[in-house]
$ cat coords-v8.txt   # compact mmCIF, C-alpha atoms
# COMPACT_ATOMS: atom_id res chain seq x y z
CA MET A 1348 15.77 25.05 15.37
CA THR A 1349 13.46 27.62 13.88
CA LEU A 1350 11.64 27.05 10.63
CA GLU A 1351 12.10 29.92 8.23
CA TRP A 1352 9.28 30.80 5.91
CA ARG A 1353 11.54 32.20 3.17
CA TYR A 1354 12.94 28.72 2.50
CA VAL A 1355 9.43 27.42 1.99
CA GLU A 1356 8.71 30.33 -0.36
CA HIS A 1357 11.88 29.61 -2.29
CA ALA A 1358 11.18 25.88 -2.58
CA LEU A 1359 7.48 26.05 -3.42
CA PRO A 1360 7.66 26.84 -7.18
CA PHE A 1361 10.15 23.99 -7.70
CA LEU A 1362 8.07 21.59 -5.63
CA LEU A 1363 4.90 22.49 -7.55
CA GLU A 1364 6.74 21.66 -10.77
CA GLY A 1365 7.53 18.25 -9.31
CA THR A 1366 3.93 17.87 -8.19
CA LEU A 1367 2.80 18.13 -11.83
CA ILE A 1368 5.07 15.22 -12.76
CA THR A 1369 3.77 13.23 -9.77
CA ILE A 1370 0.17 13.82 -10.87
CA ALA A 1371 0.93 13.05 -14.53
CA ALA A 1372 2.73 9.78 -13.69
CA SER A 1373 -0.03 8.65 -11.32
CA LEU A 1374 -2.87 9.53 -13.73
CA LEU A 1375 -1.20 7.65 -16.58
CA ALA A 1376 -0.48 4.73 -14.27
CA VAL A 1377 -4.08 4.41 -13.09
CA ALA A 1378 -5.38 4.64 -16.69
CA LEU A 1379 -2.93 2.00 -17.95
CA GLY A 1380 -3.50 0.01 -14.76
CA LEU A 1381 -7.20 -0.15 -15.58
CA ILE A 1382 -6.38 -1.64 -18.98
CA VAL A 1383 -3.89 -4.09 -17.46
CA GLY A 1384 -6.49 -4.91 -14.79
CA ILE A 1385 -9.16 -5.77 -17.38
CA PHE A 1386 -6.76 -8.13 -19.17
CA VAL A 1387 -5.65 -9.69 -15.89
CA MET A 1388 -9.27 -10.24 -14.89
CA LEU A 1389 -10.07 -11.81 -18.28
CA GLY A 1390 -6.90 -13.93 -18.05
CA ARG A 1391 -7.95 -15.29 -14.69
CA GLN A 1392 -11.23 -16.54 -16.13
CA SER A 1393 -9.62 -17.91 -19.28
CA ARG A 1394 -10.29 -21.45 -20.55
CA PHE A 1395 -6.55 -22.02 -20.98
CA LYS A 1396 -4.87 -23.41 -17.92
CA ALA A 1397 -1.44 -22.03 -18.85
CA LEU A 1398 -2.80 -18.50 -19.12
CA ARG A 1399 -4.62 -18.81 -15.78
CA GLY A 1400 -1.41 -20.03 -14.17
CA PHE A 1401 0.60 -17.20 -15.68
CA VAL A 1402 -1.86 -14.58 -14.45
CA ALA A 1403 -1.99 -16.15 -10.97
CA ALA A 1404 1.83 -16.08 -10.79
CA TYR A 1405 1.87 -12.46 -11.96
CA ILE A 1406 -0.61 -11.40 -9.25
CA SER A 1407 1.28 -13.33 -6.59
CA ILE A 1408 4.63 -11.78 -7.54
CA VAL A 1409 3.25 -8.25 -7.70
CA ARG A 1410 1.51 -8.57 -4.34
CA GLY A 1411 4.32 -10.46 -2.64
CA THR A 1412 7.28 -8.23 -3.48
CA PRO A 1413 7.91 -4.54 -2.68
CA LEU A 1414 6.97 -1.96 -5.31
CA PHE A 1415 10.41 -0.47 -4.63
CA ILE A 1416 12.06 -3.62 -6.05
CA GLN A 1417 9.56 -3.80 -8.94
CA ILE A 1418 10.44 -0.25 -9.98
CA LEU A 1419 14.16 -1.07 -9.92
CA ILE A 1420 13.61 -4.28 -11.91
CA VAL A 1421 11.68 -2.49 -14.64
CA TYR A 1422 14.24 0.30 -14.78
CA TYR A 1423 17.43 -1.75 -14.68
CA ALA A 1424 16.43 -5.14 -16.02
CA LEU A 1425 14.46 -4.17 -19.13
CA PRO A 1426 17.44 -2.47 -20.86
CA GLY A 1427 19.27 -5.76 -20.30
CA LEU A 1428 16.61 -7.43 -22.44
CA GLY A 1429 17.34 -4.93 -25.19
CA LEU A 1430 14.56 -2.43 -24.37
CA ASP A 1431 15.77 1.11 -23.88
CA ILE A 1432 13.08 3.11 -22.09
CA PRO A 1433 13.39 6.52 -20.42
CA ARG A 1434 12.76 7.15 -16.70
CA PHE A 1435 9.25 8.53 -16.90
CA GLU A 1436 7.96 5.75 -19.14
CA SER A 1437 9.78 3.09 -17.12
CA GLY A 1438 8.29 4.44 -13.87
CA VAL A 1439 4.78 4.59 -15.31
CA ILE A 1440 5.11 1.02 -16.64
CA ALA A 1441 6.22 -0.25 -13.21
CA LEU A 1442 3.36 1.54 -11.46
CA SER A 1443 0.74 0.33 -13.96
CA LEU A 1444 1.93 -3.27 -13.86
CA ASN A 1445 1.69 -3.10 -10.06
CA SER A 1446 -1.65 -1.34 -10.08
CA GLY A 1447 -3.18 -3.69 -12.67
CA ALA A 1448 -2.93 -6.64 -10.27
CA TYR A 1449 -4.92 -4.73 -7.65
CA ILE A 1450 -7.40 -3.18 -10.08
CA SER A 1451 -8.26 -6.62 -11.52
CA GLU A 1452 -9.61 -7.52 -8.07
CA MET A 1453 -11.78 -4.40 -8.04
CA ILE A 1454 -13.23 -5.23 -11.45
CA ARG A 1455 -13.93 -8.78 -10.33
CA GLY A 1456 -15.75 -7.43 -7.26
CA GLY A 1457 -17.71 -5.02 -9.47
CA LEU A 1458 -18.77 -7.83 -11.81
CA MET A 1459 -19.95 -9.98 -8.91
CA ALA A 1460 -22.11 -7.12 -7.65
CA ILE A 1461 -24.24 -7.08 -10.81
CA PRO A 1462 -27.38 -9.17 -10.28
CA LYS A 1463 -27.46 -12.26 -12.48
CA GLY A 1464 -31.14 -11.66 -13.23
CA GLN A 1465 -30.23 -8.61 -15.30
CA LEU A 1466 -28.03 -10.68 -17.57
CA ASP A 1467 -30.70 -13.39 -17.90
CA ALA A 1468 -33.31 -10.74 -18.71
CA ALA A 1469 -31.06 -9.18 -21.35
CA LYS A 1470 -30.43 -12.60 -22.87
CA ALA A 1471 -34.16 -13.33 -22.87
CA PHE A 1472 -34.68 -10.15 -24.90
CA GLY A 1473 -32.27 -11.58 -27.45
CA MET A 1474 -29.33 -9.24 -26.78
CA ARG A 1475 -25.98 -10.52 -27.97
CA SER A 1476 -23.27 -10.94 -25.32
CA SER A 1477 -21.21 -8.06 -26.73
CA LEU A 1478 -24.29 -5.82 -26.51
CA ILE A 1479 -25.02 -7.01 -22.96
CA TRP A 1480 -21.45 -6.18 -22.02
CA ARG A 1481 -21.70 -2.70 -23.55
CA ARG A 1482 -25.19 -1.75 -22.39
CA ILE A 1483 -25.68 -3.61 -19.11
CA THR A 1484 -22.42 -4.78 -17.56
CA LEU A 1485 -19.79 -2.18 -18.40
CA PRO A 1486 -21.71 1.00 -17.43
CA GLN A 1487 -22.58 -0.48 -14.05
CA VAL A 1488 -19.13 -1.90 -13.38
CA LEU A 1489 -17.52 1.44 -14.18
CA VAL A 1490 -19.77 3.25 -11.68
CA LEU A 1491 -19.15 0.58 -9.04
CA ILE A 1492 -15.37 0.63 -9.37
CA LEU A 1493 -15.06 4.41 -9.53
CA PRO A 1494 -14.70 4.86 -5.74
CA PRO A 1495 -12.04 2.11 -5.34
CA LEU A 1496 -10.32 3.48 -8.43
CA THR A 1497 -9.94 6.91 -6.81
CA ILE A 1498 -8.50 5.16 -3.74
CA GLU A 1499 -6.06 3.40 -6.07
CA PHE A 1500 -5.15 6.75 -7.65
CA THR A 1501 -4.48 8.19 -4.18
CA GLY A 1502 -2.29 5.17 -3.46
CA LEU A 1503 -0.39 5.75 -6.69
CA LEU A 1504 0.20 9.43 -5.87
CA LYS A 1505 1.95 8.21 -2.71
CA ALA A 1506 3.65 5.25 -4.37
CA SER A 1507 5.04 7.45 -7.13
CA ALA A 1508 7.36 8.99 -4.52
CA LEU A 1509 9.40 5.79 -5.02
CA LEU A 1510 10.10 6.83 -8.60
CA SER A 1511 12.60 9.28 -7.11
CA VAL A 1512 15.00 6.33 -6.68
CA ILE A 1513 15.30 5.88 -10.45
CA GLY A 1514 15.98 9.60 -10.79
CA LEU A 1515 12.59 10.72 -12.10
CA VAL A 1516 12.25 14.35 -11.01
CA GLU A 1517 8.81 14.17 -9.43
CA LEU A 1518 7.84 15.82 -6.15
CA THR A 1519 10.13 13.83 -3.83
CA ARG A 1520 13.14 14.04 -6.15
CA ARG A 1521 12.52 17.77 -6.63
CA ALA A 1522 12.58 18.15 -2.84
CA GLN A 1523 15.95 16.37 -2.67
CA GLU A 1524 17.32 18.64 -5.41
CA VAL A 1525 16.13 21.81 -3.65
CA ILE A 1526 17.71 20.56 -0.41
CA GLY A 1527 20.97 19.84 -2.20
CA GLU A 1528 21.00 23.43 -3.36
CA THR A 1529 19.81 25.31 -0.23
CA LEU A 1530 21.01 22.83 2.42
CA ARG A 1531 17.81 23.46 4.42
CA SER A 1532 16.01 20.16 4.75
CA PRO A 1533 13.29 20.57 7.45
CA GLU A 1534 11.31 23.28 5.65
CA VAL A 1535 11.47 21.48 2.33
CA TRP A 1536 10.47 18.06 3.70
CA LEU A 1537 7.56 19.50 5.68
CA THR A 1538 6.37 21.43 2.61
CA THR A 1539 6.67 18.31 0.49
CA ALA A 1540 4.69 16.29 3.02
CA ALA A 1541 2.06 19.06 3.10
CA LEU A 1542 1.71 18.99 -0.71
CA TYR A 1543 1.15 15.21 -0.72
CA PHE A 1544 -1.26 15.62 2.18
CA VAL A 1545 -3.36 18.25 0.41
CA MET A 1546 -3.66 16.11 -2.73
CA CYS A 1547 -4.51 12.89 -0.94
CA PHE A 1548 -6.85 14.48 1.60
CA ALA A 1549 -8.80 16.22 -1.17
CA LEU A 1550 -9.04 12.94 -3.09
CA GLY A 1551 -10.25 11.22 0.06
CA THR A 1552 -13.16 13.66 0.23
CA VAL A 1553 -13.95 13.03 -3.43
CA THR A 1554 -13.85 9.28 -2.79
CA ARG A 1555 -16.39 9.51 0.04
CA ARG A 1556 -18.73 11.53 -2.22
CA LEU A 1557 -18.36 8.97 -5.00
CA GLU A 1558 -19.00 6.12 -2.58
CA LYS A 1559 -22.28 7.72 -1.57
CA ALA A 1560 -23.25 8.33 -5.19
CA ALA A 1561 -22.36 4.75 -6.16
CA ALA A 1562 -24.36 3.36 -3.23
CA ALA A 1563 -27.41 5.33 -4.37
CA TYR A 1564 -26.91 4.15 -7.95
CA ARG A 1565 -26.89 0.53 -6.82
CA LEU A 1566 -30.41 0.89 -5.37
CA MET B 1134 22.08 -13.40 -20.70
CA THR B 1135 23.49 -16.00 -18.38
CA PHE B 1136 22.28 -16.93 -14.96
CA SER B 1137 24.96 -17.97 -12.50
CA PHE B 1138 23.96 -19.78 -9.32
CA SER B 1139 27.50 -19.57 -7.95
CA ILE B 1140 27.15 -15.79 -7.66
CA ILE B 1141 23.99 -16.28 -5.60
CA ALA B 1142 25.74 -18.87 -3.44
CA GLU B 1143 28.60 -16.47 -2.81
CA ALA B 1144 26.27 -13.58 -1.94
CA TRP B 1145 23.99 -15.82 0.17
CA PRO B 1146 25.32 -14.70 3.62
CA THR B 1147 24.77 -11.02 2.65
CA PHE B 1148 21.20 -11.75 1.59
CA MET B 1149 20.50 -13.77 4.74
CA ALA B 1150 21.81 -10.97 6.97
CA GLY B 1151 19.54 -8.54 5.11
CA LEU B 1152 16.55 -10.86 5.40
CA LEU B 1153 17.15 -11.20 9.13
CA THR B 1154 17.32 -7.42 9.56
CA THR B 1155 14.09 -6.99 7.59
CA ALA B 1156 12.42 -9.65 9.75
CA VAL B 1157 13.65 -8.07 13.00
CA PHE B 1158 12.65 -4.52 11.99
CA CYS B 1159 9.20 -5.67 10.90
CA SER B 1160 8.61 -7.83 14.00
CA VAL B 1161 9.62 -5.08 16.43
CA SER B 1162 7.62 -2.45 14.57
CA SER B 1163 4.52 -4.58 14.20
CA VAL B 1164 4.47 -5.48 17.90
CA LEU B 1165 4.94 -1.82 18.90
CA GLY B 1166 2.53 -0.75 16.17
CA LEU B 1167 -0.20 -3.16 17.32
CA GLY B 1168 0.25 -1.90 20.87
CA LEU B 1169 -0.31 1.68 19.71
CA ALA B 1170 -3.07 0.74 17.28
CA VAL B 1171 -5.60 -0.34 19.94
CA PRO B 1172 -5.63 3.02 21.79
CA ILE B 1173 -5.72 4.89 18.45
CA ALA B 1174 -8.71 2.82 17.31
CA LEU B 1175 -10.52 3.28 20.63
CA ALA B 1176 -9.79 7.04 20.59
CA GLN B 1177 -11.24 7.28 17.07
CA LEU B 1178 -14.41 5.53 18.23
CA SER B 1179 -14.66 7.60 21.40
CA ARG B 1180 -17.74 9.72 22.05
CA SER B 1181 -15.55 12.60 23.20
CA PHE B 1182 -14.24 14.97 20.55
CA ALA B 1183 -11.08 15.62 22.59
CA TRP B 1184 -10.07 11.95 22.04
CA ARG B 1185 -11.28 11.69 18.47
CA LEU B 1186 -9.47 14.77 17.16
CA PRO B 1187 -5.81 13.87 17.88
CA ALA B 1188 -6.36 10.29 16.70
CA LYS B 1189 -8.03 11.49 13.51
CA VAL B 1190 -5.18 13.97 12.86
CA ILE B 1191 -2.48 11.30 13.24
CA VAL B 1192 -4.37 8.83 11.06
CA GLU B 1193 -5.00 11.35 8.28
CA ILE B 1194 -1.42 12.64 8.23
CA VAL B 1195 0.05 9.14 8.01
CA ARG B 1196 -2.49 7.90 5.46
CA ASP B 1197 -2.22 10.92 3.20
CA THR B 1198 1.58 11.14 2.82
CA PRO B 1199 3.99 8.66 1.18
CA PHE B 1200 5.90 6.35 3.51
CA LEU B 1201 9.16 7.46 1.88
CA VAL B 1202 8.45 11.11 2.78
CA GLN B 1203 7.56 10.06 6.36
CA VAL B 1204 10.94 8.36 6.59
CA PHE B 1205 12.71 11.49 5.33
CA VAL B 1206 10.77 13.73 7.74
CA ILE B 1207 11.71 11.51 10.70
CA TYR B 1208 15.33 11.06 9.63
CA PHE B 1209 16.08 14.67 8.63
CA VAL B 1210 13.61 16.89 10.49
CA LEU B 1211 13.84 15.34 13.97
CA PRO B 1212 17.65 15.87 14.22
CA ALA B 1213 17.19 19.49 13.12
CA ALA B 1214 14.65 19.83 15.94
CA GLY B 1215 17.29 18.68 18.41
CA LEU B 1216 16.41 14.97 18.47
CA PRO B 1217 19.26 13.06 16.87
CA VAL B 1218 18.04 9.73 15.47
CA SER B 1219 20.15 6.93 14.08
CA SER B 1220 19.01 5.25 10.86
CA THR B 1221 17.94 2.23 12.95
CA ALA B 1222 15.82 4.36 15.31
CA ALA B 1223 14.36 6.34 12.40
CA GLY B 1224 13.52 3.14 10.55
CA ILE B 1225 11.81 1.50 13.53
CA LEU B 1226 9.97 4.71 14.40
CA ALA B 1227 8.73 5.24 10.83
CA LEU B 1228 7.58 1.63 10.46
CA THR B 1229 5.94 1.65 13.90
CA ILE B 1230 3.93 4.83 13.30
CA HIS B 1231 2.96 3.73 9.81
CA GLY B 1232 1.99 0.27 11.07
CA ALA B 1233 0.10 1.64 14.08
CA VAL B 1234 -2.15 3.78 11.89
CA TYR B 1235 -2.94 1.05 9.36
CA PHE B 1236 -3.47 -1.56 12.12
CA SER B 1237 -5.74 0.89 13.94
CA GLU B 1238 -7.91 1.20 10.82
CA SER B 1239 -8.25 -2.61 10.72
CA ILE B 1240 -9.07 -2.76 14.41
CA ARG B 1241 -11.57 0.10 14.16
CA GLY B 1242 -13.35 -1.68 11.34
CA ALA B 1243 -13.34 -4.92 13.29
CA ILE B 1244 -14.77 -3.32 16.45
CA LEU B 1245 -17.56 -1.79 14.35
CA SER B 1246 -18.29 -5.23 12.89
CA VAL B 1247 -19.55 -6.43 16.27
CA PRO B 1248 -23.28 -5.57 16.53
CA LYS B 1249 -23.78 -2.51 18.70
CA GLY B 1250 -26.73 -4.10 20.51
CA GLN B 1251 -24.35 -6.59 22.11
CA VAL B 1252 -22.25 -3.79 23.56
CA ASP B 1253 -25.38 -2.02 24.82
CA ALA B 1254 -26.63 -5.26 26.37
CA ALA B 1255 -23.28 -5.90 28.09
CA ARG B 1256 -23.20 -2.36 29.44
CA ALA B 1257 -26.82 -2.68 30.60
CA THR B 1258 -25.98 -5.80 32.61
CA GLY B 1259 -23.40 -3.70 34.48
CA MET B 1260 -20.19 -4.73 32.71
CA SER B 1261 -17.60 -1.95 32.56
CA TYR B 1262 -16.45 -0.74 29.12
CA PRO B 1263 -13.01 -2.41 29.32
CA LEU B 1264 -14.64 -5.67 30.42
CA THR B 1265 -17.16 -5.39 27.57
CA LEU B 1266 -14.30 -4.98 25.12
CA ARG B 1267 -12.41 -7.94 26.55
CA ARG B 1268 -15.33 -10.36 26.91
CA VAL B 1269 -17.72 -9.34 24.14
CA VAL B 1270 -16.04 -7.28 21.43
CA PHE B 1271 -12.45 -8.57 21.11
CA PRO B 1272 -13.24 -12.31 20.92
CA GLN B 1273 -15.85 -11.77 18.21
CA MET B 1274 -13.81 -9.39 16.09
CA MET B 1275 -10.85 -11.77 15.77
CA GLY B 1276 -12.09 -13.51 12.64
CA TYR B 1277 -12.55 -10.13 11.03
CA VAL B 1278 -9.36 -8.48 12.24
CA LEU B 1279 -6.79 -11.24 11.58
CA PRO B 1280 -6.99 -11.36 7.76
CA SER B 1281 -6.90 -7.60 7.61
CA ILE B 1282 -3.91 -7.44 10.01
CA GLY B 1283 -2.25 -10.09 7.84
CA ASN B 1284 -2.57 -7.83 4.80
CA GLN B 1285 -1.15 -4.91 6.76
CA LEU B 1286 1.81 -7.05 7.91
CA VAL B 1287 2.57 -7.94 4.30
CA GLY B 1288 2.31 -4.24 3.47
CA LEU B 1289 4.70 -3.41 6.31
CA ILE B 1290 7.31 -5.89 5.05
CA LYS B 1291 7.09 -4.44 1.55
CA ASP B 1292 7.24 -0.86 2.86
CA SER B 1293 10.35 -1.68 4.87
CA ALA B 1294 12.28 -2.11 1.59
CA VAL B 1295 12.38 1.69 1.40
CA LEU B 1296 14.53 1.88 4.54
CA SER B 1297 17.64 1.03 2.50
CA ILE B 1298 17.48 4.65 1.33
CA ILE B 1299 18.42 5.85 4.84
CA SER B 1300 21.00 3.02 4.91
CA VAL B 1301 19.25 0.53 7.19
CA PRO B 1302 21.04 -2.75 6.31
CA GLU B 1303 17.84 -4.66 5.39
CA LEU B 1304 17.13 -6.96 2.47
CA SER B 1305 16.99 -4.38 -0.32
CA MET B 1306 20.22 -2.85 1.04
CA ALA B 1307 21.80 -6.32 0.82
CA PHE B 1308 20.54 -6.47 -2.74
CA ASN B 1309 22.16 -3.08 -3.49
CA THR B 1310 25.45 -4.27 -1.99
CA VAL B 1311 25.45 -7.47 -4.02
CA LEU B 1312 24.47 -5.68 -7.22
CA GLY B 1313 27.14 -3.02 -6.61
CA THR B 1314 29.94 -5.53 -6.07
CA THR B 1315 29.08 -8.32 -8.52
CA PHE B 1316 27.15 -6.38 -11.22
CA ALA B 1317 25.11 -9.56 -11.58
CA ALA B 1318 21.74 -7.90 -12.19
CA PRO B 1319 19.50 -10.88 -13.07
CA GLU B 1320 20.82 -12.98 -10.18
CA SER B 1321 20.46 -10.19 -7.59
CA PHE B 1322 17.00 -9.17 -8.79
CA VAL B 1323 15.65 -12.70 -8.84
CA THR B 1324 17.10 -13.52 -5.41
CA VAL B 1325 15.79 -10.41 -3.67
CA ALA B 1326 12.33 -10.80 -5.24
CA VAL B 1327 12.13 -14.49 -4.29
CA LEU B 1328 13.22 -13.77 -0.70
CA TYR B 1329 10.62 -11.02 -0.26
CA TRP B 1330 8.00 -13.25 -1.85
CA LEU B 1331 8.84 -16.14 0.49
CA LEU B 1332 8.72 -13.86 3.53
CA THR B 1333 5.35 -12.30 2.64
CA SER B 1334 3.91 -15.69 1.63
CA ALA B 1335 5.01 -17.19 4.95
CA VAL B 1336 3.27 -14.37 6.83
CA THR B 1337 0.10 -14.82 4.75
CA LEU B 1338 0.15 -18.56 5.42
CA VAL B 1339 0.60 -18.17 9.18
CA MET B 1340 -2.14 -15.56 9.36
CA SER B 1341 -4.63 -17.73 7.46
CA ARG B 1342 -3.85 -20.64 9.82
CA LEU B 1343 -4.49 -18.36 12.81
CA GLU B 1344 -7.66 -17.13 11.19
CA ARG B 1345 -8.99 -20.66 10.77
CA MET B 1346 -8.73 -21.11 14.54
CA THR B 1347 -11.16 -18.26 15.20
CA PRO B 1348 -14.90 -18.93 15.35
CA THR B 1349 -16.06 -16.20 12.99
CA HIS B 1350 -13.80 -16.66 10.01
CA ARG B 1351 -16.42 -17.96 7.59
CA SER B 1352 -18.24 -14.84 6.48
CA THR B 1353 -15.27 -12.51 6.54
CA GLN B 1354 -13.36 -13.87 3.58
CA GLU B 1355 -15.30 -11.89 0.97
CA LEU B 1356 -14.87 -8.71 2.99
CA THR B 1357 -11.13 -9.11 3.26
CA SER B 1358 -10.71 -9.71 -0.44
CA LEU B 1359 -12.21 -6.25 -0.90
CA ILE B 1360 -10.00 -4.66 1.76
CA ALA B 1361 -6.96 -6.42 0.31
CA GLY B 1362 -6.92 -3.96 -2.56
CA THR B 1363 -5.17 -1.28 -0.55
CA ASP B 1364 -1.92 -2.88 0.62
CA ARG B 1365 1.04 -2.21 -1.55
$ encode --input "coords-v8.txt" --output "structure tokens"
Amino acid sequence: MTLEWRYVEHALPFLLEGTLITIAASLLAVALGLIVGIFVMLGRQSRFKALRGFVAAYISIVRGTPLFIQILIVYYALPGLGLDIPRFESGVIALSLNSGAYISEMIRGGLMAIPKGQLDAAKAFGMRSSLIWRRITLPQVLVLILPPLTIEFTGLLKASALLSVIGLVELTRRAQEVIGETLRSPEVWLTTAALYFVMCFALGTVTRRLEKAAAAYRL
Amino acid sequence: MTFSFSIIAEAWPTFMAGLLTTAVFCSVSSVLGLGLAVPIALAQLSRSFAWRLPAKVIVEIVRDTPFLVQVFVIYFVLPAAGLPVSSTAAGILALTIHGAVYFSESIRGAILSVPKGQVDAARATGMSYPLTLRRVVFPQMMGYVLPSIGNQLVGLIKDSAVLSIISVPELSMAFNTVLGTTFAAPESFVTVAVLYWLLTSAVTLVMSRLERMTPTHRSTQELTSLIAGTDR
């Protein structure tokens, strides 16, 4: 078999179109996941036992079952409950619900890394707890979780390939469509893999920079 | 919406066959993957660039592309290159390579967790490098490596769900079959989710038991809760 460059050239514009959808879905998912993660983290520390139990069950289910199945459940099961949601939104919801369970752990780790003395000092100055949260805790937690959050975003870029199974035309689905049309699969799959690689490798470099910056900030 | 247990009872043999296939695929791949992971980890830690480079290339390629795309590349590109692969072979190969790379990262981290001075001391007393690994490094890294390997195993089981796309008859394929013949969506979804959950929970439980038997498990629990964030 010889790989022919013209098939790559033909496929590339279509694949780049799909790449945009992949990036959009993953960015939205990490942003919503952060919000879900904050609520999950708060729910875990709640005074109400029922809420703590619910959150624990949610985390266990998300971590114990394949994302593949979760995506299908959100896409096929929600309409059965009377909610009609399109592919893109459904995919983003599935990814964010999944991501939120993991991000809540990151936030918890970030909170634990903040020295207790800072909070005591702020209290001693008479700062209210909402002010402490806004001025002391949140800015530091955000810096601390930025590196793991970029890792999570990289993970979501890869995980979003699964959205092709519900027919969302992101990068992987685009590749399948191009193959269906040109009947040349090796070039298209290798190009697709290369596009994912470039995105994730670049993000990996960014993550390492951020890790260094965050480590310096901590001192 | 009604929930019918008789549908689940009727589809039970299909689900069990799928669960068995998932378990077999994951066991075979994780054993092969662990076998490959040790040399990859050692190559990455090697002083020689000629060893480090190929290991680094494999690790980066696998880590920076989606598992689904890896499966497609193996299943569609290898035959075009003159290597016909069945869906079974493609599935095992994809899971093994994927597992090997993620296991190797756990092992590499674990080897680095053993203080370097101990390795230097062992070498200085005349122990060969393989003997140093066997007597000094491996026993001490167990408490660190087991929880992390446990997470990767859970990840492997969850990743294997994708193999239904190349028609490997595993658990999510069984789910597809049941859903396609009975149209009983709530029953099929709940059953497949519960079965995956039971399988991954069982693996987690066994791994934490194993971990408790190692001498160094105490201080590693916080570390693993941080690492745990990456398995999906």
$ interface_residues --input "coords-v8.txt" --of "chain B" --to "chain A" --cutoff "10 Å" --atoms "only C-alpha atoms" --output "count of residues only"
59
$ residues_near_point --input "coords-v8.txt" --point "(-12.4, -4.2, 21.9)" --cutoff "12 Å" --atoms "only C-alpha atoms" --output "PyMOL selection string"
chain B and resi 1170-1176+1178+1237+1240-1247+1249+1252+1262-1275+1278
$ closest_residue --input "coords-v8.txt" --among "B:Leu1343, B:Leu1165, B:Ala1142, B:Val1157" --to "Thr1221 (chain B)" --atoms "all atoms listed in the file"
B:Val1157
$ atom_distance --input "coords-v8.txt" --atom1 "CA of Ser1219 (chain B)" --atom2 "CA of Asn1309 (chain B)"
20.3 Å
$ atom_distance --input "coords-v8.txt" --atom1 "CA of Arg1180 (chain B)" --atom2 "CA of Ala1233 (chain B)"
21.1 Å
$ build_atoms --input "coords-v8.txt" --residues "region 1534-1547 of chain A" --atoms "N, CA and C atoms" --output "short mmCIF file (atom, residue, chain, number, x, y, z; two decimals), keeping the file's coordinate frame"
data_model
loop_
_atom_site.label_atom_id
_atom_site.label_comp_id
_atom_site.auth_asym_id
_atom_site.auth_seq_id
_atom_site.Cartn_x
_atom_site.Cartn_y
_atom_site.Cartn_z
N GLU A 1534 12.38 22.53 6.31
CA GLU A 1534 11.31 23.28 5.65
C GLU A 1534 10.84 22.55 4.39
N VAL A 1535 11.82 22.09 3.61
CA VAL A 1535 11.47 21.48 2.33
C VAL A 1535 10.71 20.17 2.54
N TRP A 1536 11.17 19.33 3.49
CA TRP A 1536 10.47 18.06 3.70
C TRP A 1536 9.06 18.28 4.23
N LEU A 1537 8.90 19.25 5.14
CA LEU A 1537 7.56 19.50 5.68
C LEU A 1537 6.64 20.05 4.59
N THR A 1538 7.19 20.91 3.72
CA THR A 1538 6.37 21.43 2.61
C THR A 1538 5.97 20.30 1.66
N THR A 1539 6.95 19.44 1.37
CA THR A 1539 6.67 18.31 0.49
C THR A 1539 5.57 17.43 1.07
N ALA A 1540 5.70 17.11 2.36
CA ALA A 1540 4.69 16.29 3.02
C ALA A 1540 3.33 16.98 2.94
N ALA A 1541 3.32 18.31 3.14
CA ALA A 1541 2.06 19.06 3.10
C ALA A 1541 1.43 18.98 1.71
N LEU A 1542 2.26 19.06 0.65
CA LEU A 1542 1.71 18.99 -0.71
C LEU A 1542 1.06 17.63 -0.96
N TYR A 1543 1.75 16.55 -0.57
CA TYR A 1543 1.15 15.21 -0.72
C TYR A 1543 -0.15 15.13 0.08
N PHE A 1544 -0.10 15.69 1.30
CA PHE A 1544 -1.26 15.62 2.18
C PHE A 1544 -2.47 16.29 1.54
N VAL A 1545 -2.24 17.51 1.01
CA VAL A 1545 -3.36 18.25 0.41
C VAL A 1545 -3.99 17.45 -0.73
N MET A 1546 -3.14 16.88 -1.60
CA MET A 1546 -3.66 16.11 -2.73
C MET A 1546 -4.46 14.91 -2.26
N CYS A 1547 -3.87 14.14 -1.34
CA CYS A 1547 -4.51 12.89 -0.94
C CYS A 1547 -5.75 13.14 -0.09
#
